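For reference, final-v3.pdb is printed below; it contains PDB, C-alpha atoms and all ligand atoms.
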ATOM      1  CA  MET H   1     -22.825  28.469 166.085
ATOM      2  CA  ASP H   2     -21.643  31.912 164.963
ATOM      3  CA  LYS H   3     -23.120  33.005 161.648
ATOM      4  CA  SER H   4     -20.688  32.870 158.704
ATOM      5  CA  ILE H   5     -20.665  33.867 155.050
ATOM      6  CA  LYS H   6     -18.260  33.478 152.126
ATOM      7  CA  ILE H   7     -18.239  36.276 149.596
ATOM      8  CA  PHE H   8     -16.435  37.587 146.518
ATOM      9  CA  ALA H   9     -15.678  41.321 146.093
ATOM     10  CA  PRO H  10     -14.379  42.270 142.623
ATOM     11  CA  ALA H  11     -11.297  44.286 141.778
ATOM     12  CA  THR H  12     -12.032  47.397 139.746
ATOM     13  CA  VAL H  13     -10.679  49.800 137.158
ATOM     14  CA  ALA H  14     -11.232  53.424 138.219
ATOM     15  CA  ASN H  15     -11.132  56.537 136.022
ATOM     16  CA  VAL H  16     -11.688  54.453 132.823
ATOM     17  CA  GLY H  17     -10.170  57.047 130.492
ATOM     18  CA  PRO H  18     -11.984  60.396 130.666
ATOM     19  CA  GLY H  19     -13.710  59.726 134.042
ATOM     20  CA  TYR H  20     -11.050  60.788 136.544
ATOM     21  CA  ASP H  21     -12.401  60.166 140.079
ATOM     22  CA  VAL H  22     -15.952  59.526 138.808
ATOM     23  CA  LEU H  23     -16.055  56.423 136.557
ATOM     24  CA  GLY H  24     -15.285  52.831 137.500
ATOM     25  CA  LEU H  25     -15.905  49.292 136.294
ATOM     26  CA  ALA H  26     -15.902  45.912 138.040
ATOM     27  CA  LEU H  27     -13.777  42.942 136.962
ATOM     28  CA  ASP H  28     -14.884  39.315 137.158
ATOM     29  CA  ASN H  29     -13.207  36.589 139.255
ATOM     30  CA  ILE H  30     -10.363  38.965 140.115
ATOM     31  CA  GLY H  31     -10.562  40.465 143.586
ATOM     32  CA  ASP H  32     -11.016  39.439 147.213
ATOM     33  CA  TYR H  33     -12.457  36.158 148.445
ATOM     34  CA  MET H  34     -13.525  36.629 152.045
ATOM     35  CA  GLU H  35     -15.061  34.679 154.894
ATOM     36  CA  LEU H  36     -16.849  36.703 157.563
ATOM     37  CA  THR H  37     -18.124  35.364 160.886
ATOM     38  CA  LEU H  38     -20.219  37.421 163.299
ATOM     39  CA  ASN H  39     -19.442  37.329 167.012
ATOM     40  CA  ASP H  40     -21.122  38.655 170.140
ATOM     41  CA  SER H  41     -17.944  40.098 171.642
ATOM     42  CA  GLY H  42     -18.063  43.275 169.522
ATOM     43  CA  VAL H  43     -14.451  42.703 168.413
ATOM     44  CA  ILE H  44     -13.249  42.952 164.781
ATOM     45  CA  LYS H  45     -10.439  40.556 163.853
ATOM     46  CA  ILE H  46      -8.700  40.370 160.461
ATOM     47  CA  SER H  47      -6.515  37.722 158.859
ATOM     48  CA  MET H  48      -4.955  38.213 155.410
ATOM     49  CA  SER H  49      -3.447  35.959 152.745
ATOM     50  CA  ASP H  50      -0.855  38.656 152.015
ATOM     51  CA  PRO H  51       1.659  38.908 154.884
ATOM     52  CA  ASP H  52       2.660  42.440 153.810
ATOM     53  CA  LEU H  53      -0.790  43.898 154.485
ATOM     54  CA  PRO H  54      -1.893  45.122 157.930
ATOM     55  CA  THR H  55      -4.195  42.971 160.097
ATOM     56  CA  ASP H  56      -4.864  45.747 162.625
ATOM     57  CA  PRO H  57      -8.636  46.357 162.181
ATOM     58  CA  GLU H  58      -8.068  50.088 162.611
ATOM     59  CA  ILE H  59      -5.653  50.171 159.682
ATOM     60  CA  ASN H  60      -6.952  47.432 157.401
ATOM     61  CA  VAL H  61      -9.682  48.969 155.246
ATOM     62  CA  ALA H  62     -11.961  45.943 155.793
ATOM     63  CA  GLY H  63     -11.896  46.545 159.551
ATOM     64  CA  VAL H  64     -12.484  50.279 159.222
ATOM     65  CA  ALA H  65     -15.389  49.777 156.794
ATOM     66  CA  ALA H  66     -16.999  47.031 158.917
ATOM     67  CA  ARG H  67     -16.699  49.219 162.034
ATOM     68  CA  ALA H  68     -18.304  52.200 160.243
ATOM     69  CA  LEU H  69     -21.272  50.038 159.219
ATOM     70  CA  LEU H  70     -21.700  48.323 162.613
ATOM     71  CA  ASN H  71     -21.626  51.733 164.346
ATOM     72  CA  HIS H  72     -24.190  53.143 161.929
ATOM     73  CA  LEU H  73     -26.498  50.178 162.572
ATOM     74  CA  LYS H  74     -25.880  50.538 166.329
ATOM     75  CA  SER H  75     -24.985  46.835 166.356
ATOM     76  CA  LYS H  76     -23.107  45.350 169.320
ATOM     77  CA  LYS H  77     -21.783  42.541 167.096
ATOM     78  CA  GLY H  78     -18.169  42.057 166.065
ATOM     79  CA  VAL H  79     -16.845  40.190 163.028
ATOM     80  CA  THR H  80     -13.883  37.995 162.111
ATOM     81  CA  ILE H  81     -12.784  38.600 158.523
ATOM     82  CA  ASN H  82     -10.474  36.280 156.617
ATOM     83  CA  ILE H  83      -9.307  37.835 153.336
ATOM     84  CA  HIS H  84      -7.735  36.023 150.417
ATOM     85  CA  LYS H  85      -6.510  38.417 147.740
ATOM     86  CA  ASN H  86      -5.672  37.575 144.152
ATOM     87  CA  VAL H  87      -4.773  41.132 143.152
ATOM     88  CA  LYS H  88      -1.716  42.764 144.641
ATOM     89  CA  ALA H  89      -2.143  45.916 146.727
ATOM     90  CA  GLY H  90      -0.912  49.075 145.046
ATOM     91  CA  SER H  91      -1.558  47.707 141.563
ATOM     92  CA  GLY H  92      -4.122  50.352 140.607
ATOM     93  CA  LEU H  93      -6.828  47.680 140.441
ATOM     94  CA  GLY H  94      -8.693  48.792 143.555
ATOM     95  CA  SER H  95      -7.202  46.252 145.926
ATOM     96  CA  SER H  96      -8.160  48.056 149.129
ATOM     97  CA  ALA H  97     -11.584  48.955 147.713
ATOM     98  CA  SER H  98     -12.405  45.244 147.190
ATOM     99  CA  SER H  99     -11.731  44.584 150.871
ATOM    100  CA  ALA H 100     -13.761  47.603 152.000
ATOM    101  CA  ALA H 101     -16.689  46.725 149.721
ATOM    102  CA  GLY H 102     -16.543  43.020 150.643
ATOM    103  CA  ALA H 103     -16.489  43.788 154.365
ATOM    104  CA  VAL H 104     -19.614  45.957 154.332
ATOM    105  CA  TYR H 105     -21.410  43.617 151.913
ATOM    106  CA  GLY H 106     -20.645  40.577 154.104
ATOM    107  CA  VAL H 107     -21.617  42.246 157.395
ATOM    108  CA  ASN H 108     -24.838  43.583 155.863
ATOM    109  CA  GLU H 109     -25.752  40.092 154.593
ATOM    110  CA  LEU H 110     -25.014  38.509 157.990
ATOM    111  CA  LEU H 111     -27.253  41.091 159.678
ATOM    112  CA  GLY H 112     -30.180  40.303 157.325
ATOM    113  CA  GLN H 113     -29.648  43.050 154.697
ATOM    114  CA  PRO H 114     -30.717  46.162 156.622
ATOM    115  CA  LEU H 115     -29.225  48.302 153.813
ATOM    116  CA  THR H 116     -29.191  48.099 150.015
ATOM    117  CA  LYS H 117     -25.865  47.785 148.179
ATOM    118  CA  LEU H 118     -26.160  51.427 147.122
ATOM    119  CA  GLU H 119     -26.643  52.469 150.750
ATOM    120  CA  LEU H 120     -23.464  50.562 151.660
ATOM    121  CA  VAL H 121     -21.251  52.764 149.442
ATOM    122  CA  PRO H 122     -20.529  55.466 152.105
ATOM    123  CA  PHE H 123     -19.376  52.829 154.639
ATOM    124  CA  ALA H 124     -17.042  51.203 152.110
ATOM    125  CA  MET H 125     -15.766  54.730 151.355
ATOM    126  CA  ALA H 126     -15.034  55.205 155.053
ATOM    127  CA  GLY H 127     -12.799  52.117 154.792
ATOM    128  CA  GLU H 128     -11.022  53.522 151.734
ATOM    129  CA  THR H 129     -10.169  56.644 153.712
ATOM    130  CA  ALA H 130      -7.905  54.427 155.822
ATOM    131  CA  SER H 131      -5.742  53.573 152.797
ATOM    132  CA  SER H 132      -5.685  56.821 150.835
ATOM    133  CA  GLY H 133      -6.757  59.499 153.323
ATOM    134  CA  LYS H 134      -9.611  60.442 151.010
ATOM    135  CA  ALA H 135     -13.118  59.005 150.741
ATOM    136  CA  HIS H 136     -13.218  57.915 147.096
ATOM    137  CA  ALA H 137     -16.174  56.032 145.640
ATOM    138  CA  ASP H 138     -14.872  55.298 142.125
ATOM    139  CA  ASN H 139     -13.525  51.858 143.144
ATOM    140  CA  VAL H 140     -15.895  50.851 145.972
ATOM    141  CA  ALA H 141     -19.046  51.697 143.986
ATOM    142  CA  PRO H 142     -18.331  49.314 141.053
ATOM    143  CA  SER H 143     -17.005  46.663 143.465
ATOM    144  CA  LEU H 144     -20.297  46.720 145.393
ATOM    145  CA  LEU H 145     -22.711  47.276 142.516
ATOM    146  CA  GLY H 146     -20.925  45.715 139.528
ATOM    147  CA  GLY H 147     -20.898  46.968 135.935
ATOM    148  CA  PHE H 148     -19.878  50.548 135.211
ATOM    149  CA  THR H 149     -20.656  53.195 137.826
ATOM    150  CA  LEU H 150     -20.591  56.981 137.704
ATOM    151  CA  VAL H 151     -20.152  59.127 140.794
ATOM    152  CA  ARG H 152     -22.329  62.001 139.563
ATOM    153  CA  SER H 153     -21.693  63.947 142.751
ATOM    154  CA  TYR H 154     -19.731  63.466 145.975
ATOM    155  CA  ASN H 155     -21.658  66.049 147.941
ATOM    156  CA  PRO H 156     -24.330  64.844 148.227
ATOM    157  CA  LEU H 157     -23.230  61.355 147.196
ATOM    158  CA  ASP H 158     -25.010  60.338 143.986
ATOM    159  CA  VAL H 159     -23.839  57.075 142.424
ATOM    160  CA  ILE H 160     -25.384  55.921 139.124
ATOM    161  CA  LYS H 161     -25.168  52.442 137.637
ATOM    162  CA  LEU H 162     -24.649  52.746 133.880
ATOM    163  CA  SER H 163     -25.965  50.574 131.038
ATOM    164  CA  TYR H 164     -23.242  48.963 128.926
ATOM    165  CA  PRO H 165     -22.792  46.269 126.268
ATOM    166  CA  THR H 166     -22.338  43.001 128.167
ATOM    167  CA  SER H 167     -19.952  41.595 125.536
ATOM    168  CA  LEU H 168     -17.172  43.960 126.734
ATOM    169  CA  TYR H 169     -13.887  42.570 128.027
ATOM    170  CA  VAL H 170     -10.972  44.160 129.823
ATOM    171  CA  THR H 171      -7.295  43.269 129.552
ATOM    172  CA  ALA H 172      -5.249  44.690 132.409
ATOM    173  CA  VAL H 173      -1.509  44.431 132.869
ATOM    174  CA  HIS H 174       0.151  45.092 136.211
ATOM    175  CA  PRO H 175       3.881  45.786 135.897
ATOM    176  CA  HIS H 176       5.569  45.009 139.196
ATOM    177  CA  ILE H 177       6.931  48.466 139.830
ATOM    178  CA  GLU H 178       6.025  50.729 142.703
ATOM    179  CA  VAL H 179       4.086  53.906 142.023
ATOM    180  CA  LYS H 180       3.046  55.662 145.210
ATOM    181  CA  THR H 181      -0.521  56.990 144.858
ATOM    182  CA  SER H 182       0.571  60.041 146.839
ATOM    183  CA  ASP H 183       3.366  60.713 144.270
ATOM    184  CA  SER H 184       1.074  60.270 141.302
ATOM    185  CA  LYS H 185      -1.506  62.563 142.931
ATOM    186  CA  LYS H 186       1.134  65.228 143.607
ATOM    187  CA  MET H 187       2.162  65.255 139.939
ATOM    188  CA  LEU H 188      -1.279  66.407 138.819
ATOM    189  CA  LYS H 189      -1.902  70.053 138.087
ATOM    190  CA  LYS H 190      -4.443  71.792 140.300
ATOM    191  CA  GLU H 191      -5.755  73.841 137.383
ATOM    192  CA  ILE H 192      -6.542  73.025 133.755
ATOM    193  CA  SER H 193      -7.517  75.172 130.816
ATOM    194  CA  LEU H 194     -11.156  75.569 129.856
ATOM    195  CA  GLU H 195     -10.271  74.198 126.410
ATOM    196  CA  LEU H 196      -8.970  70.964 127.929
ATOM    197  CA  ALA H 197     -11.965  70.694 130.285
ATOM    198  CA  VAL H 198     -14.370  71.029 127.349
ATOM    199  CA  ALA H 199     -12.578  68.290 125.415
ATOM    200  CA  GLN H 200     -12.558  65.994 128.471
ATOM    201  CA  TRP H 201     -16.237  66.376 129.368
ATOM    202  CA  GLY H 202     -17.131  65.894 125.705
ATOM    203  CA  ASN H 203     -15.294  62.566 125.882
ATOM    204  CA  LEU H 204     -16.895  61.607 129.196
ATOM    205  CA  ALA H 205     -20.415  62.287 127.932
ATOM    206  CA  GLY H 206     -19.595  60.506 124.650
ATOM    207  CA  PHE H 207     -18.269  57.489 126.524
ATOM    208  CA  VAL H 208     -21.334  57.161 128.776
ATOM    209  CA  SER H 209     -23.644  57.633 125.799
ATOM    210  CA  GLY H 210     -21.682  55.073 123.728
ATOM    211  CA  LEU H 211     -21.954  52.531 126.563
ATOM    212  CA  ALA H 212     -25.720  53.063 126.823
ATOM    213  CA  SER H 213     -26.313  52.659 123.082
ATOM    214  CA  SER H 214     -23.641  49.946 122.502
ATOM    215  CA  ASP H 215     -22.059  52.278 119.951
ATOM    216  CA  PHE H 216     -18.532  50.856 119.845
ATOM    217  CA  ASP H 217     -17.198  53.584 117.538
ATOM    218  CA  LEU H 218     -18.413  56.262 119.938
ATOM    219  CA  ILE H 219     -16.973  54.383 122.936
ATOM    220  CA  SER H 220     -13.668  54.160 121.107
ATOM    221  CA  ARG H 221     -13.580  57.829 120.037
ATOM    222  CA  SER H 222     -14.408  58.898 123.595
ATOM    223  CA  LEU H 223     -12.053  56.644 125.553
ATOM    224  CA  GLU H 224      -9.338  59.310 125.820
ATOM    225  CA  ASP H 225      -8.020  60.973 128.945
ATOM    226  CA  LEU H 226      -6.472  64.308 127.972
ATOM    227  CA  ILE H 227      -5.809  65.546 131.495
ATOM    228  CA  VAL H 228      -4.390  62.885 133.807
ATOM    229  CA  GLU H 229      -2.922  60.217 131.510
ATOM    230  CA  PRO H 230      -0.327  62.455 129.804
ATOM    231  CA  ILE H 231       1.175  63.193 133.240
ATOM    232  CA  ARG H 232       0.824  59.891 135.089
ATOM    233  CA  SER H 233       1.901  57.761 132.129
ATOM    234  CA  MET H 234       5.439  59.106 132.626
ATOM    235  CA  LEU H 235       5.681  56.788 135.665
ATOM    236  CA  ILE H 236       4.710  53.665 133.681
ATOM    237  CA  PRO H 237       7.482  51.999 131.677
ATOM    238  CA  GLY H 238       6.514  51.189 128.076
ATOM    239  CA  PHE H 239       3.153  52.976 128.354
ATOM    240  CA  GLU H 240       3.134  54.357 124.794
ATOM    241  CA  THR H 241       4.152  50.952 123.390
ATOM    242  CA  LEU H 242       1.322  49.233 125.306
ATOM    243  CA  LYS H 243      -1.165  51.798 124.049
ATOM    244  CA  GLU H 244      -0.003  51.433 120.465
ATOM    245  CA  ALA H 245      -0.191  47.614 120.719
ATOM    246  CA  ALA H 246      -3.708  47.796 122.179
ATOM    247  CA  LYS H 247      -4.819  50.000 119.303
ATOM    248  CA  ASN H 248      -3.162  47.829 116.649
ATOM    249  CA  ASN H 249      -4.832  44.721 118.078
ATOM    250  CA  GLY H 250      -8.331  46.211 118.004
ATOM    251  CA  ALA H 251      -8.883  47.682 121.501
ATOM    252  CA  LEU H 252     -11.644  50.234 121.899
ATOM    253  CA  GLY H 253      -9.197  52.214 123.995
ATOM    254  CA  CYS H 254      -6.367  51.910 126.476
ATOM    255  CA  SER H 255      -5.454  54.004 129.521
ATOM    256  CA  ILE H 256      -4.175  53.865 133.091
ATOM    257  CA  SER H 257      -6.151  51.868 135.656
ATOM    258  CA  GLY H 258      -6.750  54.024 138.736
ATOM    259  CA  SER H 259      -3.527  55.772 139.636
ATOM    260  CA  GLY H 260      -1.462  53.039 137.978
ATOM    261  CA  PRO H 261       0.845  51.326 137.389
ATOM    262  CA  SER H 262      -1.691  48.908 135.853
ATOM    263  CA  VAL H 263      -2.793  49.712 132.318
ATOM    264  CA  PHE H 264      -6.100  48.486 130.918
ATOM    265  CA  ALA H 265      -7.532  48.015 127.433
ATOM    266  CA  LEU H 266     -11.288  47.933 126.862
ATOM    267  CA  CYS H 267     -12.211  45.360 124.200
ATOM    268  CA  GLU H 268     -15.302  44.473 122.214
ATOM    269  CA  ASN H 269     -14.972  40.751 122.949
ATOM    270  CA  LYS H 270     -12.765  38.027 124.441
ATOM    271  CA  SER H 271     -10.739  37.223 121.350
ATOM    272  CA  VAL H 272      -9.549  40.844 121.089
ATOM    273  CA  ALA H 273      -8.822  40.853 124.843
ATOM    274  CA  ASP H 274      -6.737  37.651 124.520
ATOM    275  CA  LYS H 275      -4.717  39.099 121.619
ATOM    276  CA  ILE H 276      -4.002  42.248 123.599
ATOM    277  CA  GLY H 277      -3.023  40.181 126.643
ATOM    278  CA  ALA H 278      -0.431  38.363 124.504
ATOM    279  CA  ALA H 279       0.838  41.665 123.077
ATOM    280  CA  PHE H 280       1.168  43.246 126.569
ATOM    281  CA  LYS H 281       3.034  40.146 127.769
ATOM    282  CA  GLY H 282       5.466  40.346 124.857
ATOM    283  CA  ILE H 283       6.178  44.026 125.544
ATOM    284  CA  TYR H 284       6.944  43.553 129.235
ATOM    285  CA  ASN H 285       8.938  40.354 128.593
ATOM    286  CA  GLN H 286      11.083  42.347 126.181
ATOM    287  CA  LEU H 287      11.537  45.103 128.777
ATOM    288  CA  ASP H 288      12.326  42.410 131.360
ATOM    289  CA  ILE H 289       9.614  43.679 133.724
ATOM    290  CA  ASN H 290       7.715  41.153 135.833
ATOM    291  CA  HIS H 291       3.981  41.571 135.417
ATOM    292  CA  ASP H 292       0.538  39.978 135.794
ATOM    293  CA  ILE H 293      -2.047  39.914 133.040
ATOM    294  CA  HIS H 294      -5.761  39.842 133.934
ATOM    295  CA  ILE H 295      -8.350  39.185 131.220
ATOM    296  CA  SER H 296     -11.904  39.627 132.377
ATOM    297  CA  GLN H 297     -15.473  40.269 131.431
ATOM    298  CA  ILE H 298     -17.258  43.126 133.196
ATOM    299  CA  ASN H 299     -18.719  41.786 136.448
ATOM    300  CA  PRO H 300     -22.447  42.580 136.262
ATOM    301  CA  LYS H 301     -23.471  42.270 139.923
ATOM    302  CA  GLY H 302     -20.529  43.277 142.103
ATOM    303  CA  CYS H 303     -20.091  41.694 145.543
ATOM    304  CA  LYS H 304     -21.748  38.303 145.760
ATOM    305  CA  THR H 305     -22.294  35.471 148.216
ATOM    306  CA  LEU H 306     -20.468  32.199 147.504
ATOM    307  CA  GLU H 307     -21.643  28.676 148.284
ATOM    308  CA  PRO H 308     -20.733  27.604 151.870
ATOM    309  CA  SER H 309     -18.704  24.765 150.308
ATOM    310  CA  TYR H 310     -16.557  27.221 148.282
ATOM    311  CA  GLU H 311     -12.903  26.682 149.209
ATOM    312  CA  ILE H 312     -11.206  29.981 150.003
ATOM    313  CA  LEU H 313      -7.523  29.069 149.824
TER     314      LEU H 313
HETATM  315  P1  LIG H 401      -4.646  49.881 144.445
HETATM  316  O1  LIG H 401      -3.557  50.584 143.745
HETATM  317  O2  LIG H 401      -4.729  48.440 144.133
HETATM  318  O3  LIG H 401      -5.963  50.603 144.286
HETATM  319  P2  LIG H 401      -4.908  50.697 146.970
HETATM  320  O4  LIG H 401      -4.674  52.145 146.765
HETATM  321  O5  LIG H 401      -6.269  50.160 146.911
HETATM  322  O6  LIG H 401      -4.155  49.928 145.910
HETATM  323  O7  LIG H 401      -4.412  50.357 148.405
HETATM  324  C1  LIG H 401      -3.223  49.886 148.811
HETATM  325  C2  LIG H 401      -2.961  50.412 150.233
HETATM  326  O8  LIG H 401      -4.034  50.075 151.124
HETATM  327  C3  LIG H 401      -1.727  49.769 150.809
HETATM  328  O9  LIG H 401      -1.028  50.803 151.482
HETATM  329  C4  LIG H 401      -2.249  48.775 151.832
HETATM  330  O10 LIG H 401      -1.364  48.591 152.925
HETATM  331  C5  LIG H 401      -3.540  49.419 152.298
HETATM  332  N1  LIG H 401      -4.539  48.415 152.751
HETATM  333  C6  LIG H 401      -5.147  48.383 153.953
HETATM  334  N2  LIG H 401      -6.000  47.349 154.019
HETATM  335  C7  LIG H 401      -5.944  46.699 152.852
HETATM  336  C8  LIG H 401      -6.613  45.563 152.322
HETATM  337  N3  LIG H 401      -7.496  44.859 153.016
HETATM  338  N4  LIG H 401      -6.316  45.204 151.061
HETATM  339  C9  LIG H 401      -5.413  45.892 150.342
HETATM  340  N5  LIG H 401      -4.746  46.976 150.772
HETATM  341  C10 LIG H 401      -5.004  47.393 152.026
END
Do you think you could lay out the structure here as structure tokens?
Amino acid sequence: MDKSIKIFAPATVANVGPGYDVLGLALDNIGDYMELTLNDSGVIKISMSDPDLPTDPEINVAGVAARALLNHLKSKKGVTINIHKNVKAGSGLGSSASSAAGAVYGVNELLGQPLTKLELVPFAMAGETASSGKAHADNVAPSLLGGFTLVRSYNPLDVIKLSYPTSLYVTAVHPHIEVKTSDSKKMLKKEISLELAVAQWGNLAGFVSGLASSDFDLISRSLEDLIVEPIRSMLIPGFETLKEAAKNNGALGCSISGSGPSVFALCENKSVADKIGAAFKGIYNQLDINHDIHISQINPKGCKTLEPSYEIL
């Protein structure tokens, strides 16, 4: 019988305030549930729970990532990938990255783990290129590795797993409006002042240091994005109200998840995260905007293998 595996690949929050294009965190139980089966024909086949997403293996990021890894390993195998998503694509919660990370994780497991999870990052990035045209690691790295990750450098690729307080929770709200990543990228200025850069890297270093020492005040003071958020937040209805509500309900900070439109709040514990979830819901109900709320701990391990009996719907 052909070898099969069921896996989970978490959704992610990229940027995380001051860490534009370099920081990311993994969510728990929110992401892609996938079944992968190796074949000897060399063909990659994809099926998706979401009828709006492409199943062409040269367009679907899972197919592109799996192909990049199989080529690298000089394997003649193919793989059938069945993907069940519980995060909508284009939400800003790393939907395509979950599929790319899950595909390379699953194929690597089926082939007997020739590579470590860290070594899989470039192949998942190759998949991401299919969705955004650029090889970003700030979503695929946390999806593969779990926790908080820092892309210290892209050239050469240097991905660091950060220490963080495990009590942290995230509340994310996804308003069902369309923000094209290409539009939100175009809005950004190509140049910033030295003064702004100094303030931003002060916050980034403070944030990473606060995570490592579980200093919640420092995390909170540092969770500010002075460069990208002021521009991109213009595309998100009610952003200032959400941010104010997060602050008033005890969030450590609140900013845009990835390129939006999802907004996330980082919280010290679950009860704060639940309160903020209720506040976000109230705000979007009042604005009459359909939305999803995700409340989640930080996923510590990233992509993982599920029991063979696990029912992927
Ligand atoms: P998000 O805003 O959630 O990060 P992405 O930027 O990750 O959204 O990607 C969404 C784009 O990627 C869509 O254009 C979608 O068609 C494309 N895509 C290709 N394959 C997949 C996949 N397996 N899962 C999700 N999106 C995919």
Practice problem: May I have the residues within 9 Å of ligand LIG 401 (chain H), computed using all atoms listed in the file, as JSON, numbers by chain? | Solution: {"H": [11, 12, 13, 14, 32, 46, 48, 50, 52, 53, 54, 55, 56, 57, 59, 60, 61, 62, 63, 64, 83, 85, 87, 88, 89, 90, 91, 92, 93, 94, 95, 96, 97, 98, 99, 100, 127, 128, 130, 131, 132, 139, 179, 180, 181, 257, 258, 259, 260, 261, 262]}
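The residue set within 8 Å of range 263-274 of chain H, counting all atoms listed in the file and dropping same-chain residues fewer than 6 places from it, reads Val13, Ser167, Leu168, Tyr169, Val170, Thr171, Ala172, Val173, His174, Phe216, Phe239, Ala246, Asn249, Gly250, Ala251, Leu252, Gly253, Cys254, Ser255, Ile256, Ser257, Ile295 and Gln297 of chain H.
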Practice problem: Can you pull out every residue within 9 Å of range 102-116 of chain H, counting only C-alpha atoms, but drop anything in the same chain fewer than 2 positions away, and send it as an MDAnalysis selection string? | Solution: chainID H and resid 3:10 32:38 61:63 65:70 73 79 81 97:100 118:121 123:124 143:144 303:305
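The nearest approach to Lys45 in chain H among the residues H:Gly78, H:Pro156, H:Gly277, H:Pro300, with all atoms listed in the file taken into account, belongs to H:Gly78.
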Self-check item: Sphere at (-10.5, 59.3, 126.8), radius 10 Å, counting all atoms listed in the file: residues as a ChimeraX atom specification
Solution: /H:15-20,199-204,206-207,219-229,253-255
Written file, previous selection with C-alpha atoms, as a PDB file, keeping the file's coordinate frame:
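File written: result_10.pdb
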ATOM      1  CA  ASN H  15     -11.132  56.537 136.022  1.00  0.00           C
ATOM      2  CA  VAL H  16     -11.688  54.453 132.823  1.00  0.00           C
ATOM      3  CA  GLY H  17     -10.170  57.047 130.492  1.00  0.00           C
ATOM      4  CA  PRO H  18     -11.984  60.396 130.666  1.00  0.00           C
ATOM      5  CA  GLY H  19     -13.710  59.726 134.042  1.00  0.00           C
ATOM      6  CA  TYR H  20     -11.050  60.788 136.544  1.00  0.00           C
ATOM      7  CA  ALA H 199     -12.578  68.290 125.415  1.00  0.00           C
ATOM      8  CA  GLN H 200     -12.558  65.994 128.471  1.00  0.00           C
ATOM      9  CA  TRP H 201     -16.237  66.376 129.368  1.00  0.00           C
ATOM     10  CA  GLY H 202     -17.131  65.894 125.705  1.00  0.00           C
ATOM     11  CA  ASN H 203     -15.294  62.566 125.882  1.00  0.00           C
ATOM     12  CA  LEU H 204     -16.895  61.607 129.196  1.00  0.00           C
ATOM     13  CA  GLY H 206     -19.595  60.506 124.650  1.00  0.00           C
ATOM     14  CA  PHE H 207     -18.269  57.489 126.524  1.00  0.00           C
ATOM     15  CA  ILE H 219     -16.973  54.383 122.936  1.00  0.00           C
ATOM     16  CA  SER H 220     -13.668  54.160 121.107  1.00  0.00           C
ATOM     17  CA  ARG H 221     -13.580  57.829 120.037  1.00  0.00           C
ATOM     18  CA  SER H 222     -14.408  58.898 123.595  1.00  0.00           C
ATOM     19  CA  LEU H 223     -12.053  56.644 125.553  1.00  0.00           C
ATOM     20  CA  GLU H 224      -9.338  59.310 125.820  1.00  0.00           C
ATOM     21  CA  ASP H 225      -8.020  60.973 128.945  1.00  0.00           C
ATOM     22  CA  LEU H 226      -6.472  64.308 127.972  1.00  0.00           C
ATOM     23  CA  ILE H 227      -5.809  65.546 131.495  1.00  0.00           C
ATOM     24  CA  VAL H 228      -4.390  62.885 133.807  1.00  0.00           C
ATOM     25  CA  GLU H 229      -2.922  60.217 131.510  1.00  0.00           C
ATOM     26  CA  GLY H 253      -9.197  52.214 123.995  1.00  0.00           C
ATOM     27  CA  CYS H 254      -6.367  51.910 126.476  1.00  0.00           C
ATOM     28  CA  SER H 255      -5.454  54.004 129.521  1.00  0.00           C
TER      29      SER H 255
END
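CA of Ile160 in chain H is found 13.9 Å from CA of Gly302 in chain H.
For the atom pair formed by CA of Asp40 in chain H and CA of Lys76 in chain H, the distance is 7.0 Å, given to one decimal.
CA of Ala137 in chain H sits 9.0 Å away from CA of Leu157 in chain H.
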Exercise. Have a look at H:Lys185, H:Met234, H:Leu25, H:Asn248 and name the one nearest to Ser163 in chain H; count all atoms listed in the file.
Key: H:Leu25
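Using all atoms listed in the file, the smallest distance between any of H:Lys186, H:Gly210, H:Glu58, H:Phe148 and Thr129 in chain H comes from H:Glu58.
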Exercise. Any chance you could resolve the PyMOL selection byres (((chain H and resi 291) around 9) and not hetatm) against this file and give the residues as a ChimeraX atom specification?
Key: /H:173-177,281,284-285,289-290,292-293
Quiz item: With only C-alpha atoms as the basis for distance, which of H:Leu162, H:Ile283, H:Gly147, H:Lys275 is at the shortest distance from Ser209 in chain H?
Solution: H:Leu162
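Among the candidates H:Asp183, H:Asp217, H:Glu240, H:Asp138, the residue lying nearest to Tyr154 in chain H is H:Asp138 (atoms considered: all atoms listed in the file).
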